[in-house]
Structure formats: C-alpha cells, structure tokens
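Data from protein_21.txt: compact mmCIF, C-alpha atoms
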# COMPACT_ATOMS: atom_id res chain seq x y z
CA MET A 205 0.00 0.00 0.00
CA ALA A 206 1.36 3.35 -0.99
CA GLN A 207 0.15 5.34 2.01
CA GLY A 208 -0.94 4.83 5.58
CA THR A 209 -0.94 1.79 7.83
CA ALA A 210 -4.60 1.27 8.68
CA GLU A 211 -5.06 -1.10 5.81
CA GLY A 212 -1.93 -3.07 6.64
CA HIS A 213 -1.95 -6.45 8.32
CA GLY A 214 -3.45 -5.04 11.51
CA GLY A 215 -4.67 -7.91 13.71
CA LEU A 216 -3.26 -10.62 11.47
CA ASP A 217 -0.42 -12.12 13.48
CA ASP A 218 2.57 -13.95 12.04
CA HIS A 219 1.11 -17.36 12.82
CA GLU A 220 -2.17 -16.64 11.01
CA GLY A 221 -0.35 -15.14 8.06
CA GLN A 222 1.92 -18.16 7.78
CA GLU A 223 -1.02 -20.54 8.12
CA ALA A 224 -2.93 -18.78 5.34
CA ALA A 225 0.13 -18.77 3.06
CA GLU A 226 0.59 -22.51 3.63
CA ILE A 227 -3.10 -23.22 2.93
CA LEU A 228 -2.97 -21.22 -0.31
CA ALA A 229 0.23 -22.90 -1.46
CA ALA A 230 -1.18 -26.36 -0.71
CA ALA A 231 -4.39 -25.53 -2.60
CA ARG A 232 -2.41 -24.41 -5.62
CA VAL A 233 -0.47 -27.71 -5.61
CA CYS A 234 -3.69 -29.75 -5.37
CA VAL A 235 -5.77 -27.80 -7.85
CA ASP A 236 -3.32 -26.79 -10.59
CA PRO A 237 -3.02 -30.30 -12.10
CA GLU A 238 -6.83 -30.54 -12.34
CA LEU A 239 -6.97 -27.08 -13.90
CA ARG A 240 -4.27 -27.98 -16.42
CA ARG A 241 -6.08 -31.18 -17.40
CA ALA A 242 -9.29 -29.25 -17.93
CA ILE A 243 -7.66 -26.48 -19.95
CA ASP A 244 -5.64 -28.94 -22.03
CA SER A 245 -8.95 -30.40 -23.23
CA LEU A 246 -9.91 -27.12 -24.92
CA PRO A 247 -9.55 -26.56 -28.67
CA GLY A 248 -6.18 -25.04 -29.53
CA SER A 249 -7.26 -21.41 -30.00
CA MET A 250 -9.05 -21.20 -26.66
CA ARG A 251 -6.44 -23.32 -24.88
CA ARG A 252 -3.75 -20.85 -25.89
CA VAL A 253 -5.68 -17.90 -24.43
CA ALA A 254 -6.44 -19.79 -21.20
CA LEU A 255 -2.84 -20.90 -20.71
CA TYR A 256 -1.68 -17.33 -21.24
CA HIS A 257 -4.30 -15.96 -18.84
CA PHE A 258 -3.24 -18.38 -16.10
CA GLY A 259 0.39 -17.39 -16.58
CA TRP A 260 1.53 -20.80 -17.80
CA GLU A 261 2.47 -19.68 -21.30
CA HIS A 262 3.73 -16.54 -23.00
CA ALA A 263 1.73 -15.01 -25.84
CA ASP A 264 3.82 -16.95 -28.37
CA GLY A 265 2.95 -20.27 -26.70
CA THR A 266 6.31 -20.85 -25.02
CA PRO A 267 6.25 -21.98 -21.35
CA ALA A 268 6.09 -19.24 -18.71
CA ALA A 269 6.89 -19.34 -15.02
CA GLY A 270 4.04 -17.08 -14.02
CA HIS A 271 1.48 -17.95 -11.38
CA ALA A 272 -2.23 -18.48 -11.77
CA GLY A 273 -3.29 -16.22 -8.93
CA LYS A 274 -3.54 -16.64 -5.18
CA ALA A 275 -5.96 -19.62 -5.28
CA ILE A 276 -8.15 -18.05 -2.60
CA ARG A 277 -11.40 -19.58 -3.83
CA PRO A 278 -10.20 -23.17 -4.27
CA ALA A 279 -8.46 -22.88 -0.91
CA LEU A 280 -11.78 -21.91 0.66
CA VAL A 281 -13.45 -24.99 -0.85
CA LEU A 282 -10.81 -27.39 0.46
CA THR A 283 -10.49 -25.68 3.85
CA ALA A 284 -14.26 -25.69 4.37
CA VAL A 285 -14.36 -29.44 3.68
CA ARG A 286 -11.67 -30.00 6.29
CA ALA A 287 -13.34 -27.70 8.82
CA LEU A 288 -16.50 -29.81 8.68
CA GLY A 289 -14.69 -33.12 9.02
CA GLY A 290 -14.55 -34.14 5.34
CA ASP A 291 -11.64 -35.19 3.15
CA PRO A 292 -10.35 -32.28 1.01
CA ALA A 293 -8.99 -34.73 -1.57
CA THR A 294 -12.58 -35.55 -2.58
CA ALA A 295 -13.28 -31.91 -3.45
CA VAL A 296 -10.39 -31.08 -5.79
CA ARG A 297 -12.67 -31.07 -8.84
CA ALA A 298 -15.09 -28.74 -7.09
CA ALA A 299 -12.21 -26.46 -6.13
CA ALA A 300 -10.99 -26.42 -9.73
CA ALA A 301 -14.52 -25.65 -10.95
CA VAL A 302 -14.69 -22.62 -8.68
CA GLU A 303 -11.30 -21.40 -9.89
CA LEU A 304 -12.32 -21.83 -13.53
CA THR A 305 -15.49 -19.86 -12.83
CA HIS A 306 -13.50 -17.07 -11.18
CA ASN A 307 -11.13 -16.82 -14.12
CA PHE A 308 -13.95 -16.85 -16.65
CA THR A 309 -15.26 -13.71 -14.93
CA LEU A 310 -11.81 -12.11 -14.97
CA LEU A 311 -11.45 -12.63 -18.72
CA HIS A 312 -14.86 -11.11 -19.39
CA ASP A 313 -14.49 -8.27 -16.87
CA ASP A 314 -11.16 -7.23 -18.39
CA VAL A 315 -12.83 -6.94 -21.80
CA MET A 316 -15.79 -4.94 -20.49
CA ASP A 317 -13.69 -2.70 -18.24
CA ARG A 318 -10.93 -2.33 -20.87
CA ASP A 319 -8.33 -3.18 -18.23
CA THR A 320 -4.95 -3.59 -19.88
CA THR A 321 -2.95 -5.23 -17.07
CA ARG A 322 -3.55 -8.23 -14.81
CA ARG A 323 -1.02 -10.11 -12.71
CA HIS A 324 1.78 -7.88 -13.95
CA ARG A 325 1.25 -8.67 -17.65
CA PRO A 326 -1.03 -7.51 -20.49
CA THR A 327 -4.59 -8.79 -20.23
CA ALA A 328 -5.68 -11.54 -22.62
CA TRP A 329 -7.95 -9.33 -24.73
CA THR A 330 -5.09 -6.90 -25.42
CA VAL A 331 -2.99 -9.80 -26.74
CA PHE A 332 -5.54 -12.00 -28.53
CA GLY A 333 -8.46 -9.64 -29.12
CA ASP A 334 -11.91 -9.30 -27.58
CA ALA A 335 -13.51 -12.27 -29.30
CA ASP A 336 -10.83 -14.79 -28.35
CA ALA A 337 -10.78 -13.62 -24.73
CA ILE A 338 -14.58 -13.81 -24.44
CA LEU A 339 -14.76 -17.25 -26.03
CA ALA A 340 -11.99 -18.59 -23.80
CA GLY A 341 -13.97 -17.32 -20.81
CA ASP A 342 -17.12 -19.00 -22.10
CA ALA A 343 -15.22 -22.26 -22.51
CA MET A 344 -13.82 -22.05 -18.98
CA GLN A 345 -17.28 -21.63 -17.54
CA ALA A 346 -18.43 -24.70 -19.46
CA LEU A 347 -15.42 -26.65 -18.17
CA ALA A 348 -16.37 -25.74 -14.60
CA GLN A 349 -19.82 -27.27 -15.01
CA GLN A 350 -18.35 -30.27 -16.83
CA LEU A 351 -16.00 -30.99 -13.94
CA LEU A 352 -18.95 -31.18 -11.55
CA ALA A 353 -21.17 -33.09 -14.00
CA GLU A 354 -18.51 -35.80 -14.32
CA ASP A 355 -17.64 -35.91 -10.63
CA PRO A 356 -18.91 -39.14 -8.96
CA HIS A 357 -19.03 -37.48 -5.54
CA PRO A 358 -22.60 -37.59 -4.11
CA GLY A 359 -22.55 -33.85 -3.52
CA ALA A 360 -21.58 -32.93 -7.08
CA SER A 361 -25.12 -32.34 -8.33
CA ALA A 362 -26.00 -29.98 -5.48
CA ALA A 363 -22.67 -28.25 -5.97
CA ALA A 364 -23.36 -27.76 -9.69
CA THR A 365 -26.72 -26.20 -8.88
CA ARG A 366 -25.15 -23.80 -6.40
CA LEU A 367 -22.38 -22.84 -8.80
CA ALA A 368 -24.81 -22.25 -11.69
CA SER A 369 -26.95 -19.99 -9.48
CA CYS A 370 -23.82 -18.17 -8.43
CA VAL A 371 -22.82 -17.52 -12.05
CA VAL A 372 -26.22 -15.92 -12.70
CA GLU A 373 -25.66 -13.70 -9.64
CA LEU A 374 -22.15 -12.82 -10.83
CA CYS A 375 -23.57 -11.76 -14.19
CA ALA A 376 -26.23 -9.66 -12.48
CA GLY A 377 -23.55 -8.01 -10.38
CA GLN A 378 -21.43 -7.20 -13.42
CA HIS A 379 -24.49 -5.83 -15.22
CA ALA A 380 -25.22 -3.61 -12.22
CA ASP A 381 -21.60 -2.47 -12.17
CA CYS A 382 -21.71 -1.48 -15.84
CA ALA A 383 -25.03 0.31 -15.33
CA LEU A 384 -23.65 2.28 -12.38
CA GLU A 385 -20.69 3.41 -14.46
CA ARG A 386 -23.08 5.04 -16.95
CA ARG A 387 -24.72 7.14 -14.24
CA GLY A 388 -23.49 10.43 -12.82
CA PRO A 389 -21.52 10.46 -9.56
CA ASP A 390 -24.46 12.04 -7.71
CA GLU A 391 -26.89 9.37 -9.00
CA VAL A 392 -25.31 6.36 -7.28
CA THR A 393 -26.06 5.26 -3.70
CA LEU A 394 -23.93 3.31 -1.28
CA ASP A 395 -26.63 0.67 -0.88
CA GLU A 396 -26.59 0.03 -4.64
CA CYS A 397 -22.81 -0.27 -4.65
CA LEU A 398 -22.76 -2.61 -1.67
CA ALA A 399 -25.37 -4.86 -3.29
CA MET A 400 -23.37 -4.88 -6.52
CA ALA A 401 -20.15 -5.73 -4.65
CA GLU A 402 -21.82 -8.61 -2.83
CA ALA A 403 -23.01 -10.06 -6.13
CA LYS A 404 -19.71 -9.54 -7.97
CA THR A 405 -17.28 -10.59 -5.23
CA GLY A 406 -19.09 -12.02 -2.21
CA ALA A 407 -21.24 -14.47 -4.16
CA LEU A 408 -18.38 -16.64 -5.46
CA LEU A 409 -16.44 -16.59 -2.19
CA GLY A 410 -19.64 -17.65 -0.43
CA CYS A 411 -20.28 -20.32 -3.04
CA ALA A 412 -16.75 -21.68 -2.60
CA CYS A 413 -17.29 -22.08 1.14
CA ALA A 414 -20.73 -23.61 0.61
CA LEU A 415 -19.34 -26.15 -1.88
CA GLY A 416 -16.87 -27.22 0.77
CA ALA A 417 -19.77 -27.83 3.14
CA VAL A 418 -21.62 -29.82 0.47
CA TYR A 419 -18.58 -32.01 -0.23
CA SER A 420 -18.07 -32.62 3.50
CA GLY A 421 -21.55 -34.11 3.74
CA ALA A 422 -22.80 -31.37 6.08
CA GLY A 423 -26.41 -30.28 5.95
CA ARG A 424 -27.91 -27.33 4.13
CA GLY A 425 -27.79 -25.20 7.28
CA ALA A 426 -24.01 -25.44 7.46
CA ALA A 427 -23.68 -24.77 3.74
CA ASP A 428 -25.88 -21.66 3.98
CA ALA A 429 -23.98 -20.38 7.03
CA LEU A 430 -20.65 -20.84 5.26
CA ASP A 431 -22.10 -19.10 2.22
CA GLY A 432 -22.90 -16.17 4.51
CA PHE A 433 -19.38 -16.26 5.93
CA GLY A 434 -17.86 -16.11 2.46
CA ARG A 435 -20.18 -13.33 1.34
CA GLU A 436 -19.35 -11.10 4.30
CA ALA A 437 -15.63 -11.80 3.97
CA GLY A 438 -15.97 -11.14 0.24
CA LEU A 439 -17.49 -7.73 0.85
CA ALA A 440 -14.64 -6.93 3.24
CA PHE A 441 -12.26 -8.14 0.52
CA GLN A 442 -13.89 -5.83 -2.05
CA LEU A 443 -13.71 -2.84 0.25
CA ILE A 444 -9.99 -3.36 0.77
CA ASP A 445 -9.55 -4.01 -2.95
CA ASP A 446 -11.23 -0.70 -3.72
CA VAL A 447 -8.86 1.06 -1.34
CA ILE A 448 -5.95 -0.61 -3.11
CA GLY A 449 -7.44 0.41 -6.47
CA ILE A 450 -6.88 4.04 -5.49
CA TRP A 451 -3.81 3.97 -3.26
CA GLY A 452 -2.08 0.69 -4.15
CA ASP A 453 1.55 0.50 -5.21
CA PRO A 454 1.71 -0.41 -8.94
CA ALA A 455 4.87 -2.45 -8.30
CA ARG A 456 2.80 -4.72 -6.07
CA THR A 457 -0.65 -4.56 -7.66
CA GLY A 458 0.46 -4.99 -11.27
CA LYS A 459 -1.89 -2.15 -12.28
CA PRO A 460 -1.25 1.56 -12.92
CA ALA A 461 -1.54 3.92 -9.94
CA GLY A 462 -5.06 5.25 -9.52
CA ALA A 463 -6.43 2.95 -12.23
CA ASP A 464 -9.93 2.96 -10.71
CA LEU A 465 -9.96 6.76 -10.57
CA ALA A 466 -8.73 7.06 -14.15
CA ALA A 467 -11.60 4.78 -15.23
CA ARG A 468 -14.02 6.87 -13.13
CA LYS A 469 -15.17 3.73 -11.32
CA LYS A 470 -17.89 4.17 -8.72
CA SER A 471 -15.85 2.22 -6.18
CA LEU A 472 -17.04 2.08 -2.59
CA PRO A 473 -14.57 4.64 -1.14
CA VAL A 474 -15.49 7.05 -3.95
CA VAL A 475 -19.25 6.68 -3.47
CA ALA A 476 -18.87 7.03 0.32
CA ALA A 477 -16.83 10.18 -0.23
CA LEU A 478 -19.37 11.61 -2.67
CA ALA A 479 -22.16 10.98 -0.15
CA SER A 480 -20.35 12.82 2.66
CA GLY A 481 -21.69 16.30 1.82
CA THR A 482 -18.25 17.82 2.42
CA PRO A 483 -16.40 20.40 0.32
CA ALA A 484 -14.04 17.60 -0.71
CA ALA A 485 -17.07 15.65 -1.99
CA ALA A 486 -18.06 18.58 -4.18
CA GLU A 487 -14.52 18.81 -5.54
CA LEU A 488 -14.49 15.07 -6.23
CA ALA A 489 -17.82 15.24 -8.08
CA GLU A 490 -16.47 18.05 -10.26
CA LEU A 491 -13.27 16.13 -11.03
CA TYR A 492 -15.23 12.96 -11.85
CA GLY A 493 -17.16 14.92 -14.45
CA GLN A 494 -13.98 16.04 -16.23
CA LYS A 495 -11.87 14.22 -18.78
CA PRO A 496 -8.78 12.54 -17.32
CA ALA A 497 -5.84 14.93 -17.16
CA GLU A 498 -2.37 14.87 -15.70
CA GLY A 499 -2.52 15.70 -12.00
CA ASN A 500 -6.23 14.96 -11.67
CA LEU A 501 -5.67 11.49 -10.23
CA ASP A 502 -3.67 12.80 -7.28
CA ARG A 503 -6.27 15.49 -6.65
CA MET A 504 -9.09 12.92 -6.80
CA ALA A 505 -7.30 10.56 -4.40
CA ARG A 506 -6.80 13.42 -1.94
CA ALA A 507 -10.45 14.42 -2.27
CA VAL A 508 -11.65 10.87 -1.58
CA GLU A 509 -9.48 10.74 1.52
CA GLU A 510 -10.43 14.21 2.78
CA ALA A 511 -14.13 13.37 2.29
CA GLY A 512 -13.71 10.28 4.50
CA GLY A 513 -14.05 7.63 1.79
CA ARG A 514 -10.89 5.77 2.71
CA ASP A 515 -11.66 5.65 6.46
CA TRP A 516 -15.26 4.61 5.77
CA ALA A 517 -14.14 1.72 3.56
CA LEU A 518 -11.62 0.44 6.11
CA LEU A 519 -14.07 0.66 9.01
CA HIS A 520 -16.83 -1.00 6.98
CA ALA A 521 -14.44 -3.79 5.98
CA ALA A 522 -13.75 -4.46 9.67
CA ASP A 523 -17.51 -4.55 10.37
CA ARG A 524 -18.08 -7.06 7.54
CA MET A 525 -15.29 -9.25 8.89
CA SER A 526 -16.98 -9.25 12.28
CA ARG A 527 -20.21 -10.42 10.64
CA ALA A 528 -18.28 -13.09 8.75
CA ILE A 529 -16.82 -14.44 11.97
CA ASN A 530 -20.30 -14.68 13.47
CA GLN A 531 -21.50 -16.69 10.46
CA LEU A 532 -18.47 -18.95 10.69
CA ALA A 533 -19.13 -19.65 14.36
CA GLY A 534 -22.63 -20.78 13.44
CA ALA A 535 -21.37 -23.24 10.85
CA VAL A 536 -18.22 -24.47 12.61
CA PRO A 537 -18.68 -24.00 16.36
CA VAL A 538 -15.30 -25.53 17.30
CA PRO A 539 -12.75 -22.69 17.03
CA GLU A 540 -9.85 -25.01 16.26
CA ALA A 541 -11.68 -26.50 13.27
CA ALA A 542 -12.56 -23.04 11.93
CA GLY A 543 -9.01 -21.74 12.21
CA GLY A 544 -8.05 -22.32 8.58
CA LEU A 545 -11.09 -20.50 7.19
CA LEU A 546 -10.55 -17.62 9.59
CA ALA A 547 -6.88 -17.38 8.63
CA LEU A 548 -7.82 -17.19 4.94
CA ALA A 549 -10.45 -14.52 5.55
CA GLU A 550 -8.05 -12.46 7.63
CA PHE A 551 -5.32 -12.88 5.03
CA VAL A 552 -7.34 -11.60 2.07
CA THR A 553 -8.88 -8.68 3.97
CA ARG A 554 -5.64 -7.51 5.60
CA ARG A 555 -3.46 -7.77 2.53
CA THR A 556 -1.43 -4.75 1.48
CA HIS A 557 -1.37 -5.26 -2.31
Just give me the structure as structure tokens.
Amino acid sequence: MAQGTAEGHGGLDDHEGQEAAEILAAARVCVDPELRRAIDSLPGSMRRVALYHFGWEHADGTPAAGHAGKAIRPALVLTAVRALGGDPATAVRAAAAVELTHNFTLLHDDVMDRDTTRRHRPTAWTVFGDADAILAGDAMQALAQQLLAEDPHPGASAAATRLASCVVELCAGQHADCALERRGPDEVTLDECLAMAEAKTGALLGCACALGAVYSGAGRGAADALDGFGREAGLAFQLIDDVIGIWGDPARTGKPAGADLAARKKSLPVVAALASGTPAAAELAELYGQKPAEGNLDRMARAVEEAGGRDWALLHAADRMSRAINQLAGAVPVPEAAGGLLALAEFVTRRTH
C-alpha cells in the first residue's frame, strides 16, 4: 500500500499469516493439475488464451513461469471441507470448478472494463483480441460445469446447482456495475454499490465455502452459514480491494496507480466520499465529471481521503469481517476447526497489495 498503515496487516499475526500462506500454497499444488487437465482439453485457440491468462504460457505459446493467482477460492473450498470433518482430496474437482469460474469472470471483466494489465502482464484481450478472450472465458465456464457433472461425488449435483446460481448472480452483479458506471456520480447510492459488490465478489467466495460444506456431507444449514461467511468476507475483501485500487503501489498490484480513478469507477470509497456532503465531496464530483488529465488522479485521491471515503471503507471492511466471523461460528462452532477459514479470511482482507 502506498500510504498509511490502517489497511496493513493489523490484527493478522505472524502465525495466522503463515497458516494462510501454507493453505494457499497447498491448494495451488492440489488444484493446478486438475486445472491444467481441464484447460488442455480445450480446442487449440481457446487453450492458448487460457494458458496465457493463467500465466503458464507466453503469448507466443512458449512456457512461462508465471502464477495463476492466489488460489483463494479453491483454498476456501478445500479448507471448508476439512473444517467440517470431510476429506479435502474428494473436493479437488469442485475447487478447480470454482477457480475456472472465477477466471472466466476475470477474462470477461477485463474486456468490459478495458483493463490492460492483470497479474503484472497484459490482459488476454489486449494480446488476442476481444472475441478470443470472451470465447476462452465461455469455454472455462463450461469446463467448470463439466468438472462437476462428471464428478462421482454424491454432492456434485448440489454443488453444480449452487455454482450455476452463483454464475447468474455474478452476471447480475457485473451488469449492475456497468449500469452504475453510466450514471453520474451524484446518481449512485452506497446501498446500490454494496449490493453490486456482494453479487460480484461475495457471491463466489460464499459459493466456494458452501461447496466445501456440500462435499463434507454437512447439511444445508451449514452450507448456507458458510455461504454467509464467504459473502461477508468477500465484501470486506472488495472494500480493501477498492482502497488498493486508489492507493495501491503499482509495483505490487500490477496495475497503474489510480487505475480505478482514471476509469471513473464508482468504487465504494469514492461513493462514500461523494455521499459525505463535504467540500471535498463537491470537488471530487467536479473532477469525476472532467476528462482525465495529468494531475487529476492525485487530486481525486486526496479528495476521496479528505471526504472520508478511505476511512469509511476500512471501518466497513472491519464490520463485515466481524459479521463473517459470526456466520463462521454458526457453521463451525469448534474454534480449532474453523481456524483455517478464519486465517484465509483475515489474510485476504488484511493484505497490502
């Protein structure tokens, strides 16, 4: 993070941070082979785009040593299974299906948002074109459902239903996001933005946790409670991500400084700032109505901060994490068993880049 310390690791101690890092690394080891098998089954044109997007190949098709992301969502699936007494090895396909779904949304979002950088390299659409990126995303979503359809696990059918419903919600969230971007800065409410963020980010994190419950053999009550846990943690995640989108260090985020401001995104800190009724809010509204110009981004970032948008987002993220912990306690009442899920939630909402 470029400025301040409030959004640093805070209450995340070294033990929790190490535990989360180990869980994520183990999930990547378990899930990557399943992902590679799925992607290798694609026709050549779409396979090439997918392999590039995951960081496994360069644009010319030669092997790359990049990574495929943090594996937060598959880690949540596997950790939820373990927390409820199941065997994570039985849920690797489900974890891969969730990761494929996540990456299908990234490919499509990058096209719609015209984002040019992801994971420190050009986005797929900038390399292969819009059509190839969209079709590769479509194919990944189909692969996700295929993995569950072919999975002999007794929970696979229920998991497929949950994931399909989640995809519809993700699409609704993205539609809402696009619609909000077409409206003026004074025409967007915080409630609308929070609902959009829950659909776009919280829904899949909640689904990942719920799929873990399904694959553990737990009842619907536990699955719904873990879905709630993931949704609340996901909203905290989005709030922090929006802070990073304004004040993050490009060397760590892989995106240009102030990218969200340059795109005039109605991110949560911005909308909270605009709703503050302060002189800084009026300045921000005026700047958001102007064409991007050199120096404007710094002025906008200062206006968001002076209007209280940054502090609001950080405080609201902490509140959502508190709600997430309450949901987790309802699903996994034994604190020791819930430790892995809590460590993951703390990790993604206290990250600094």
Quiz item: Looking at all atoms listed in the file, which of A:Leu439, A:Leu255, A:Ala268, A:Val418 is the one that sits closest to Ala399 in chain A?
Solution: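 For Ala399 in chain A, the nearest of the given residues is A:Leu439.
A straight line drawn from CA of Glu303 in chain A to CA of Arg277 in chain A is 6.3 Å long.
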Quiz item: What is the distance between CA of Ile243 in chain A and CA of Ala401 in chain A, in Å to one decimal?
Solution: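 Separation between CA of Ile243 in chain A and CA of Ala401 in chain A: 28.6 Å.
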Quiz item: Taking only C-alpha atoms into account, which of A:Ala360, A:Arg468, A:Trp516, A:Gly410 comes nearest Arg386 in chain A?
Solution: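 Of all the options, A:Arg468 lies closest to Arg386 in chain A.
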Self-check item: From A:Ile276, A:Leu310, A:Val552, A:Ala287, residue lying nearest Pro537 in chain A [all atoms listed in the file]
Solution: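 Residue with the minimum atom-to-atom distance to Pro537 in chain A: A:Ala287.
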Self-check item: Atom-to-atom span, CA of Asp336 in chain A and CA of Val315 in chain A, Å
Solution: 10.4 Å
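Near Ala440 in chain A, within 10 Å and counting all atoms listed in the file, sit Ala401, Glu402, Thr405, Gly406, Gly434, Arg435, Glu436, Ile444, Asp445, Asp446, Ala517, Leu518, Leu519, His520, Ala521, Ala522, Asp523, Arg524, Met525, Ser526, Arg527, Ala528, Ala549, Glu550, Val552, Thr553 and Arg554 of chain A, not including residues fewer than 4 positions from it in the same chain.
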Quiz item: Within 8 Å of Ala299 in chain A, counting only C-alpha atoms, which residues qualify if same-chain residues fewer than 5 places away don't, as a ChimeraX atom specification?
Solution: /A:235,277-279,281-282,412
Exercise. Rank A:Val474, A:Ala284, A:Val508, A:Thr482 by their smallest atom-to-atom distance to Leu532 in chain A, using only C-alpha atoms, and report the top residue only.
Key: A:Ala284
Quiz prompt | Contacts of Ser420 in chain A at 12 Å (all atoms listed in the file; same-chain gap of 2+ positions) as number ranges by chain | solution = A: 281-295, 298, 357-360, 363, 413-418, 422-424, 426-427
Taking C-alpha atoms for each residue, export the selection above as a CSV table (one decimal), keeping the file's coordinate frame.
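Saved to selection-v8.csv:
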chain,number,residue,atom,x,y,z
A,281,VAL,CA,-13.4,-25.0,-0.8
A,282,LEU,CA,-10.8,-27.4,0.5
A,283,THR,CA,-10.5,-25.7,3.8
A,284,ALA,CA,-14.3,-25.7,4.4
A,285,VAL,CA,-14.4,-29.4,3.7
A,286,ARG,CA,-11.7,-30.0,6.3
A,287,ALA,CA,-13.3,-27.7,8.8
A,288,LEU,CA,-16.5,-29.8,8.7
A,289,GLY,CA,-14.7,-33.1,9.0
A,290,GLY,CA,-14.6,-34.1,5.3
A,291,ASP,CA,-11.6,-35.2,3.2
A,292,PRO,CA,-10.4,-32.3,1.0
A,293,ALA,CA,-9.0,-34.7,-1.6
A,294,THR,CA,-12.6,-35.6,-2.6
A,295,ALA,CA,-13.3,-31.9,-3.4
A,298,ALA,CA,-15.1,-28.7,-7.1
A,357,HIS,CA,-19.0,-37.5,-5.5
A,358,PRO,CA,-22.6,-37.6,-4.1
A,359,GLY,CA,-22.6,-33.8,-3.5
A,360,ALA,CA,-21.6,-32.9,-7.1
A,363,ALA,CA,-22.7,-28.2,-6.0
A,413,CYS,CA,-17.3,-22.1,1.1
A,414,ALA,CA,-20.7,-23.6,0.6
A,415,LEU,CA,-19.3,-26.2,-1.9
A,416,GLY,CA,-16.9,-27.2,0.8
A,417,ALA,CA,-19.8,-27.8,3.1
A,418,VAL,CA,-21.6,-29.8,0.5
A,422,ALA,CA,-22.8,-31.4,6.1
A,423,GLY,CA,-26.4,-30.3,6.0
A,424,ARG,CA,-27.9,-27.3,4.1
A,426,ALA,CA,-24.0,-25.4,7.5
A,427,ALA,CA,-23.7,-24.8,3.7
Self-check item: Nearest to Met250 in chain A by atom-to-atom distance, counting only C-alpha atoms, from A:Gly341, A:Pro237, A:Pro326, A:Gly388
Solution: A:Gly341
Exercise. Find the residues near Leu351 in chain A: any atom within 9 Å, counting all atoms listed in the file, skip ones fewer than 4 places away on the same chain, and give them as a ChimeraX atom specification.
Key: /A:242,297-298,300-301,346-347,355
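Counting all atoms listed in the file, the residue from A:Leu239, A:His257, A:Met344, A:Thr309 that sits nearest to Val372 in chain A is A:Thr309.
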